[in-house]
>>> print(open('data_38.cif').read())   # mmCIF, C-alpha atoms
data_model
#
loop_
_atom_site.label_atom_id
_atom_site.label_comp_id
_atom_site.auth_asym_id
_atom_site.auth_seq_id
_atom_site.Cartn_x
_atom_site.Cartn_y
_atom_site.Cartn_z
CA VAL A 1 2.17 -30.97 -1.92
CA GLY A 2 1.09 -28.62 -4.69
CA ALA A 3 3.43 -26.12 -6.31
CA ILE A 4 3.47 -22.61 -4.85
CA GLU A 5 2.17 -19.97 -7.22
CA PRO A 6 4.72 -17.35 -8.35
CA ASP A 7 4.95 -14.01 -6.57
CA GLY A 8 2.38 -11.54 -7.81
CA THR A 9 -0.10 -14.24 -8.81
CA LEU A 10 -3.67 -13.16 -8.14
CA VAL A 11 -5.23 -16.20 -6.50
CA ALA A 12 -8.62 -14.76 -5.52
CA ARG A 13 -10.71 -11.70 -6.27
CA ALA A 14 -14.21 -10.74 -5.23
CA PRO A 15 -16.10 -7.56 -6.11
CA VAL A 16 -17.42 -5.40 -3.29
CA SER A 17 -21.14 -4.71 -3.53
CA TYR A 18 -21.97 -1.16 -2.47
CA THR A 19 -25.63 -1.37 -1.64
CA GLY A 20 -27.90 -0.65 1.30
CA ASN A 21 -26.39 0.90 4.41
CA LEU A 22 -22.83 0.71 3.06
CA ARG A 23 -23.81 2.70 -0.03
CA ARG A 24 -25.62 5.28 2.09
CA LEU A 25 -22.62 5.62 4.40
CA ILE A 26 -20.23 6.19 1.51
CA ASP A 27 -22.56 8.62 -0.24
CA GLU A 28 -22.80 10.64 3.00
CA ARG A 29 -19.02 10.74 3.38
CA ILE A 30 -18.60 11.78 -0.23
CA GLN A 31 -20.99 14.66 0.28
CA ARG A 32 -19.37 15.79 3.55
CA SER A 33 -15.83 15.63 2.21
CA GLY A 34 -16.50 17.26 -1.13
CA ARG A 35 -14.94 14.31 -2.97
CA VAL A 36 -15.97 13.72 -6.55
CA LEU A 37 -16.73 10.02 -6.91
CA ASP A 38 -19.25 8.09 -8.95
CA LEU A 39 -19.15 4.62 -7.38
CA ASP A 40 -20.87 3.15 -10.42
CA SER A 41 -17.89 4.11 -12.59
CA VAL A 42 -15.39 1.93 -10.70
CA LEU A 43 -15.05 -1.70 -9.67
CA VAL A 44 -13.69 -2.31 -6.16
CA GLN A 45 -12.41 -5.84 -5.52
CA ARG A 46 -10.95 -7.62 -2.50
CA ILE A 47 -7.97 -9.66 -3.63
CA THR A 48 -5.57 -12.32 -2.40
CA TYR A 49 -2.17 -12.57 -4.07
CA MET A 50 1.11 -14.40 -3.58
CA SER A 51 4.13 -12.79 -1.95
CA ASP A 52 7.11 -14.85 -0.77
CA GLY A 53 4.89 -17.91 -0.84
CA LEU A 54 2.31 -16.24 1.41
CA LYS A 55 -1.29 -15.44 0.58
CA VAL A 56 -1.57 -11.71 1.22
CA ARG A 57 -4.79 -9.68 1.17
CA GLY A 58 -5.43 -6.37 -0.57
CA TYR A 59 -7.67 -4.42 -2.91
CA LEU A 60 -7.78 -3.88 -6.66
CA VAL A 61 -9.84 -0.97 -7.97
CA GLU A 62 -10.44 -0.43 -11.67
CA PRO A 63 -12.40 1.99 -13.84
CA ILE A 64 -15.30 0.27 -15.53
CA SER A 65 -14.08 1.24 -19.00
CA GLY A 66 -10.75 1.74 -20.73
CA ASP A 67 -7.73 -0.25 -21.81
CA SER A 68 -3.95 0.18 -21.71
CA LEU A 69 -4.38 2.01 -18.41
CA PRO A 70 -1.67 3.38 -16.11
CA ALA A 71 -1.62 1.92 -12.62
CA ILE A 72 -0.89 3.07 -9.08
CA ILE A 73 0.39 1.02 -6.17
CA PHE A 74 -1.10 2.49 -2.97
CA ASN A 75 0.79 1.84 0.27
CA ARG A 76 -1.42 2.11 3.34
CA GLY A 77 -0.35 3.60 6.65
CA GLY A 78 -0.58 2.22 10.15
CA ASN A 79 0.21 -1.30 11.29
CA ARG A 80 -1.78 -4.47 11.74
CA GLU A 81 -5.48 -3.55 11.83
CA PHE A 82 -4.82 0.13 12.58
CA GLY A 83 -4.97 1.82 9.20
CA ALA A 84 -6.09 -1.34 7.41
CA ILE A 85 -8.02 -0.75 4.20
CA THR A 86 -11.74 -1.44 4.44
CA ASP A 87 -14.48 -1.61 1.85
CA THR A 88 -15.32 1.98 2.81
CA SER A 89 -11.80 3.39 2.65
CA ALA A 90 -11.09 1.47 -0.57
CA ALA A 91 -13.96 3.32 -2.18
CA LEU A 92 -13.14 6.73 -0.71
CA LEU A 93 -9.33 6.64 -1.11
CA LEU A 94 -8.81 4.48 -4.17
CA GLY A 95 -12.07 5.02 -6.03
CA PRO A 96 -11.33 8.62 -7.09
CA LEU A 97 -7.97 7.53 -8.55
CA ALA A 98 -9.66 4.77 -10.52
CA GLN A 99 -12.31 7.21 -11.68
CA HIS A 100 -9.50 9.28 -13.22
CA GLY A 101 -8.43 6.33 -15.32
CA TYR A 102 -5.94 4.45 -13.13
CA VAL A 103 -5.96 0.83 -12.04
CA VAL A 104 -5.14 0.97 -8.32
CA VAL A 105 -3.80 -1.90 -6.24
CA ALA A 106 -3.10 -1.88 -2.50
CA SER A 107 -1.69 -4.41 -0.07
CA GLN A 108 -2.82 -4.94 3.51
CA TYR A 109 0.71 -6.34 4.09
CA ARG A 110 1.29 -9.88 5.23
CA GLY A 111 -0.43 -11.09 8.38
CA ASN A 112 -3.19 -8.50 8.17
CA ALA A 113 -6.90 -8.74 7.26
CA GLY A 114 -6.69 -12.53 7.31
CA GLY A 115 -3.54 -12.79 5.20
CA GLU A 116 -0.74 -15.25 5.93
CA GLY A 117 2.56 -14.42 7.60
CA ARG A 118 3.46 -11.59 9.92
CA GLU A 119 4.12 -7.98 9.04
CA GLU A 120 7.50 -6.48 9.92
CA PHE A 121 6.84 -2.74 9.60
CA GLY A 122 9.24 -2.26 6.72
CA GLY A 123 11.11 -5.57 6.74
CA ALA A 124 10.28 -8.55 4.53
CA ASP A 125 6.79 -7.10 4.03
CA VAL A 126 8.29 -4.59 1.55
CA ASN A 127 8.16 -7.56 -0.81
CA ASP A 128 4.37 -7.38 -0.53
CA VAL A 129 4.62 -3.99 -2.24
CA LEU A 130 7.20 -5.03 -4.84
CA ASN A 131 5.21 -8.14 -5.76
CA LEU A 132 2.34 -5.93 -6.85
CA VAL A 133 4.45 -5.05 -9.91
CA PRO A 134 4.20 -8.55 -11.45
CA LEU A 135 0.56 -8.64 -10.36
CA LEU A 136 -0.11 -5.53 -12.44
CA GLU A 137 1.91 -6.92 -15.34
CA ARG A 138 -0.57 -9.80 -15.50
CA GLN A 139 -3.63 -7.54 -15.70
CA PRO A 140 -4.69 -7.28 -19.36
CA ARG A 141 -6.01 -3.72 -19.04
CA VAL A 142 -2.82 -2.34 -17.47
CA ASP A 143 0.05 -0.66 -19.30
CA ALA A 144 2.82 -1.90 -17.00
CA THR A 145 5.29 0.63 -18.40
CA ARG A 146 3.29 3.34 -16.59
CA LEU A 147 3.33 2.47 -12.90
CA GLY A 148 3.10 5.01 -10.09
CA MET A 149 3.28 4.64 -6.32
CA TYR A 150 1.53 6.55 -3.54
CA GLY A 151 2.12 6.07 0.18
CA TRP A 152 0.96 7.86 3.30
CA SER A 153 2.65 7.85 6.75
CA ARG A 154 4.02 4.31 7.23
CA GLY A 155 3.06 3.83 3.58
CA GLY A 156 5.51 6.61 2.74
CA MET A 157 8.26 4.58 4.42
CA MET A 158 7.21 1.55 2.38
CA THR A 159 7.41 3.70 -0.75
CA TYR A 160 10.96 4.82 0.03
CA LEU A 161 11.99 1.23 0.75
CA ALA A 162 10.45 0.05 -2.52
CA LEU A 163 12.12 2.84 -4.52
CA ALA A 164 15.48 1.68 -3.16
CA ARG A 165 14.90 -1.68 -4.84
CA THR A 166 13.11 -1.03 -8.13
CA ASP A 167 13.33 1.26 -11.13
CA ARG A 168 9.86 0.31 -12.39
CA ILE A 169 8.03 3.24 -10.77
CA ARG A 170 7.65 6.19 -13.13
CA ALA A 171 6.62 8.66 -10.39
CA ALA A 172 5.91 8.48 -6.65
CA VAL A 173 3.96 10.53 -4.11
CA VAL A 174 4.79 10.43 -0.40
CA GLY A 175 2.34 12.01 2.03
CA ALA A 176 3.51 12.70 5.61
CA GLY A 177 5.94 9.86 5.11
CA LEU A 178 8.03 8.25 7.82
CA SER A 179 11.61 8.98 6.75
CA ASP A 180 13.50 8.90 10.07
CA ALA A 181 12.55 6.02 12.35
CA ALA A 182 15.07 6.98 15.03
CA ASP A 183 13.56 10.43 15.31
CA MET A 184 10.09 8.88 15.41
CA VAL A 185 10.88 6.72 18.46
CA ARG A 186 12.51 9.67 20.22
CA GLN A 187 9.36 11.73 19.80
CA ARG A 188 6.90 8.86 20.14
CA PRO A 189 8.40 6.14 22.37
CA GLU A 190 5.14 4.22 22.23
CA MET A 191 5.95 3.44 18.58
CA GLU A 192 8.96 1.47 19.76
CA THR A 193 7.32 -0.43 22.59
CA GLY A 194 3.95 -0.96 20.93
CA VAL A 195 4.92 -1.39 17.27
CA LEU A 196 8.59 -1.96 16.41
CA ALA A 197 9.38 -4.18 19.40
CA GLU A 198 6.33 -6.31 18.59
CA LEU A 199 6.76 -6.53 14.81
CA VAL A 200 10.47 -6.37 13.90
CA PRO A 201 12.10 -9.80 14.16
CA GLY A 202 15.09 -9.82 16.49
CA TRP A 203 14.28 -6.60 18.29
CA PRO A 204 16.00 -5.27 20.46
CA ALA A 205 19.27 -6.95 19.42
CA ILE A 206 19.09 -5.34 15.97
CA ARG A 207 17.46 -2.09 17.12
CA GLU A 208 19.95 0.39 15.63
CA ALA A 209 20.29 -1.44 12.33
CA ALA A 210 16.51 -1.80 12.03
CA LEU A 211 15.94 1.91 12.67
CA GLU A 212 18.51 2.87 10.06
CA ALA A 213 17.07 0.43 7.52
CA ARG A 214 13.68 2.14 7.89
CA SER A 215 15.06 5.71 7.63
CA ALA A 216 15.38 7.02 4.08
CA VAL A 217 17.12 10.16 5.36
CA ARG A 218 20.09 7.88 6.12
CA TRP A 219 20.40 6.59 2.55
CA PRO A 220 18.83 8.94 -0.01
CA GLU A 221 21.45 7.88 -2.57
CA ARG A 222 19.80 4.45 -2.77
CA LEU A 223 16.51 5.82 -4.10
CA ASN A 224 16.10 5.18 -7.80
CA PRO A 225 17.38 8.38 -9.44
CA THR A 226 14.94 8.24 -12.36
CA THR A 227 11.80 8.21 -10.20
CA PRO A 228 10.58 11.73 -9.36
CA ILE A 229 9.05 12.00 -5.89
CA LEU A 230 6.39 14.50 -4.83
CA LEU A 231 6.52 15.11 -1.07
CA LEU A 232 3.33 16.22 0.69
CA GLN A 233 4.03 17.35 4.25
CA GLY A 234 2.22 19.59 6.72
#
>>> encode(input="data_38.cif", output="structure tokens")
Amino acid sequence: VGAIEPDGTLVARAPVSYTGNLRRLIDERIQRSGRVLDLDSVLVQRITYMSDGLKVRGYLVEPISGDSLPAIIFNRGGNREFGAITDTSAALLLGPLAQHGYVVVASQYRGNAGGEGREEFGGADVNDVLNLVPLLERQPRVDATRLGMYGWSRGGMMTYLALARTDRIRAAVVGAGLSDAADMVRQRPEMETGVLAELVPGWPAIREAALEARSAVRWPERLNPTTPILLLQG
């Protein structure tokens, strides 16, 4: 049996080719949305990396030029295949950040997009976010002293959970972030029956503890005090 690669090891990467119908689709969406993106100025790559001994899938997007670059960890929303990053959304969501001079890395979370394991909606899969820090440290063009984090919806919850466990993030942005899981299931009971009950190990025996663990409003004092957080909320 071969040795397991350390967490954060990039074990596979493959560039996405934006040609033909895919290129036309993205160009149309760029025009409709008003985004400013030159696809030829960035390199979008599908990646596989190690997290808790699992091969997890994600994306790495880099500007074509530049060295000693700051980096952003992007935490996707949704669960399982809902909200999964695609070649199209990687270009449209992560490409503009890379065009501004950031290396951007994003996890699909374990068990998704062909990755190993099973996601837990804010359980052990938070390690899939934290293990992107050593991944970035191994990238020769990245200045690993300048790491940011950006999460939307469920990705906002993942950002809070990560900030409770690391002081490596210089600044974070949370957009429409899930901060109170108990309130979420009161307002949207389908999130309990169709998501939490299916993904959180041990549910329903650990229901109350699991809801609290995923609710940053219950433990704001745990968030790293040196990481400023910008909240975007409608």
>>> residues_around(input="data_38.cif", residues="Arg218 in chain A", least_positions_apart="5", cutoff="12 Å", atoms="only C-alpha atoms", output="list in words")
Tyr160, Leu161, Ser179, Asp180, Ala181, Ala182, Asp183, Ala209, Ala210, Leu211, Glu212, Ala213 and Leu223 of chain A
>>> residues_around(input="data_38.cif", residues="Arg110 in chain A", least_positions_apart="6", cutoff="12 Å", atoms="only C-alpha atoms", output="PyMOL selection string")
chain A and resi 48-58+79-81+84+116-129+131+199
>>> write_last_selection(input="data_38.cif", atoms="C-alpha atoms", output="mmCIF file, keeping the file's coordinate frame")
data_model
loop_
_atom_site.group_PDB
_atom_site.id
_atom_site.type_symbol
_atom_site.label_atom_id
_atom_site.label_comp_id
_atom_site.auth_asym_id
_atom_site.auth_seq_id
_atom_site.Cartn_x
_atom_site.Cartn_y
_atom_site.Cartn_z
ATOM 1 C CA THR A 48 -5.570 -12.320 -2.400
ATOM 2 C CA TYR A 49 -2.170 -12.570 -4.070
ATOM 3 C CA MET A 50 1.110 -14.400 -3.580
ATOM 4 C CA SER A 51 4.130 -12.790 -1.950
ATOM 5 C CA ASP A 52 7.110 -14.850 -0.770
ATOM 6 C CA GLY A 53 4.890 -17.910 -0.840
ATOM 7 C CA LEU A 54 2.310 -16.240 1.410
ATOM 8 C CA LYS A 55 -1.290 -15.440 0.580
ATOM 9 C CA VAL A 56 -1.570 -11.710 1.220
ATOM 10 C CA ARG A 57 -4.790 -9.680 1.170
ATOM 11 C CA GLY A 58 -5.430 -6.370 -0.570
ATOM 12 C CA ASN A 79 0.210 -1.300 11.290
ATOM 13 C CA ARG A 80 -1.780 -4.470 11.740
ATOM 14 C CA GLU A 81 -5.480 -3.550 11.830
ATOM 15 C CA ALA A 84 -6.090 -1.340 7.410
ATOM 16 C CA GLU A 116 -0.740 -15.250 5.930
ATOM 17 C CA GLY A 117 2.560 -14.420 7.600
ATOM 18 C CA ARG A 118 3.460 -11.590 9.920
ATOM 19 C CA GLU A 119 4.120 -7.980 9.040
ATOM 20 C CA GLU A 120 7.500 -6.480 9.920
ATOM 21 C CA PHE A 121 6.840 -2.740 9.600
ATOM 22 C CA GLY A 122 9.240 -2.260 6.720
ATOM 23 C CA GLY A 123 11.110 -5.570 6.740
ATOM 24 C CA ALA A 124 10.280 -8.550 4.530
ATOM 25 C CA ASP A 125 6.790 -7.100 4.030
ATOM 26 C CA VAL A 126 8.290 -4.590 1.550
ATOM 27 C CA ASN A 127 8.160 -7.560 -0.810
ATOM 28 C CA ASP A 128 4.370 -7.380 -0.530
ATOM 29 C CA VAL A 129 4.620 -3.990 -2.240
ATOM 30 C CA ASN A 131 5.210 -8.140 -5.760
ATOM 31 C CA LEU A 199 6.760 -6.530 14.810
#
>>> resolve_selection(input="data_38.cif", expression="the PyMOL selection byres ((chain A and resi 99) around 12)", output="PyMOL selection string")
chain A and resi 35-44+61-66+69+71+91-98+100-104
>>> atom_distance(input="data_38.cif", atom1="CA of Arg32 in chain A", atom2="CA of Gln45 in chain A")
24.5 Å
>>> resolve_selection(input="data_38.cif", expression="the PyMOL selection byres ((chain A and resi 164-166) around 8)", output="mmCIF file with C-alpha atoms, in the coordinates of the input")
data_model
loop_
_atom_site.group_PDB
_atom_site.id
_atom_site.type_symbol
_atom_site.label_atom_id
_atom_site.label_comp_id
_atom_site.auth_asym_id
_atom_site.auth_seq_id
_atom_site.Cartn_x
_atom_site.Cartn_y
_atom_site.Cartn_z
ATOM 1 C CA LEU A 130 7.200 -5.030 -4.840
ATOM 2 C CA TYR A 160 10.960 4.820 0.030
ATOM 3 C CA LEU A 161 11.990 1.230 0.750
ATOM 4 C CA ALA A 162 10.450 0.050 -2.520
ATOM 5 C CA LEU A 163 12.120 2.840 -4.520
ATOM 6 C CA ASP A 167 13.330 1.260 -11.130
ATOM 7 C CA ARG A 168 9.860 0.310 -12.390
ATOM 8 C CA ILE A 169 8.030 3.240 -10.770
ATOM 9 C CA ARG A 222 19.800 4.450 -2.770
ATOM 10 C CA LEU A 223 16.510 5.820 -4.100
ATOM 11 C CA ASN A 224 16.100 5.180 -7.800
#
>>> residues_around(input="data_38.cif", residues="Leu196 in chain A", least_positions_apart="4", cutoff="9 Å", atoms="all atoms listed in the file", output="number ranges by chain")
A: 120-121, 191-192, 200-201, 203, 207
>>> atom_distance(input="data_38.cif", atom1="CA of Gly115 in chain A", atom2="CA of Ser215 in chain A")
26.3 Å
>>> atom_distance(input="data_38.cif", atom1="CA of Tyr18 in chain A", atom2="CA of Gly148 in chain A")
26.9 Å
>>> resolve_selection(input="data_38.cif", expression="the PyMOL selection byres ((chain A and resi 23) around 12)", output="list in words")
Val16, Ser17, Tyr18, Thr19, Gly20, Asn21, Leu22, Arg24, Leu25, Ile26, Asp27, Glu28, Arg29, Ile30, Asp38, Leu39, Asp40, Asp87, Thr88, Ala91 and Leu92 of chain A
>>> closest_residue(input="data_38.cif", among="A:Gln31, A:Thr227, A:Thr159, A:Ser153", to="Met184 in chain A", atoms="all atoms listed in the file")
A:Ser153
>>> closest_residue(input="data_38.cif", among="A:Gly194, A:Pro134, A:Pro6, A:Gly177", to="Leu147 in chain A", atoms="all atoms listed in the file")
A:Pro134
>>> closest_residue(input="data_38.cif", among="A:Gln233, A:Ser33, A:Thr9, A:Asn75", to="Gly175 in chain A", atoms="all atoms listed in the file")
A:Gln233
>>> closest_residue(input="data_38.cif", among="A:Val217, A:Gln108, A:Val195, A:Arg146", to="Arg76 in chain A", atoms="all atoms listed in the file")
A:Gln108
>>> residues_around(input="data_38.cif", residues="Ile47 in chain A", least_positions_apart="5", cutoff="9 Å", atoms="only C-alpha atoms", output="mmCIF file with C-alpha atoms, keeping the file's coordinate frame")
data_model
loop_
_atom_site.group_PDB
_atom_site.id
_atom_site.type_symbol
_atom_site.label_atom_id
_atom_site.label_comp_id
_atom_site.auth_asym_id
_atom_site.auth_seq_id
_atom_site.Cartn_x
_atom_site.Cartn_y
_atom_site.Cartn_z
ATOM 1 C CA LEU A 10 -3.670 -13.160 -8.140
ATOM 2 C CA VAL A 11 -5.230 -16.200 -6.500
ATOM 3 C CA ALA A 12 -8.620 -14.760 -5.520
ATOM 4 C CA ARG A 13 -10.710 -11.700 -6.270
ATOM 5 C CA ALA A 14 -14.210 -10.740 -5.230
ATOM 6 C CA PRO A 15 -16.100 -7.560 -6.110
ATOM 7 C CA VAL A 56 -1.570 -11.710 1.220
ATOM 8 C CA ARG A 57 -4.790 -9.680 1.170
ATOM 9 C CA GLY A 58 -5.430 -6.370 -0.570
ATOM 10 C CA TYR A 59 -7.670 -4.420 -2.910
ATOM 11 C CA LEU A 60 -7.780 -3.880 -6.660
ATOM 12 C CA SER A 107 -1.690 -4.410 -0.070
#
>>> decode(input="data_38.cif", residues="range 176-192 of chain A", atoms="C-alpha atoms", output="mmCIF file, in the first residue's frame")
data_model
loop_
_atom_site.group_PDB
_atom_site.id
_atom_site.type_symbol
_atom_site.label_atom_id
_atom_site.label_comp_id
_atom_site.auth_asym_id
_atom_site.auth_seq_id
_atom_site.Cartn_x
_atom_site.Cartn_y
_atom_site.Cartn_z
ATOM 1 C CA ALA A 176 -25.751 36.023 2.206
ATOM 2 C CA GLY A 177 -24.047 33.633 4.580
ATOM 3 C CA LEU A 178 -25.779 30.967 6.631
ATOM 4 C CA SER A 179 -25.113 32.017 10.228
ATOM 5 C CA ASP A 180 -28.054 30.465 12.114
ATOM 6 C CA ALA A 181 -28.854 26.897 11.094
ATOM 7 C CA ALA A 182 -31.669 26.551 13.635
ATOM 8 C CA ASP A 183 -33.434 29.563 12.189
ATOM 9 C CA MET A 184 -32.873 28.186 8.691
ATOM 10 C CA VAL A 185 -34.672 24.905 9.425
ATOM 11 C CA ARG A 186 -37.529 26.763 11.113
ATOM 12 C CA GLN A 187 -38.074 28.859 8.007
ATOM 13 C CA ARG A 188 -37.144 26.174 5.493
ATOM 14 C CA PRO A 189 -37.957 22.727 6.931
ATOM 15 C CA GLU A 190 -37.019 21.123 3.631
ATOM 16 C CA MET A 191 -33.393 21.995 4.435
ATOM 17 C CA GLU A 192 -33.577 19.650 7.396
#
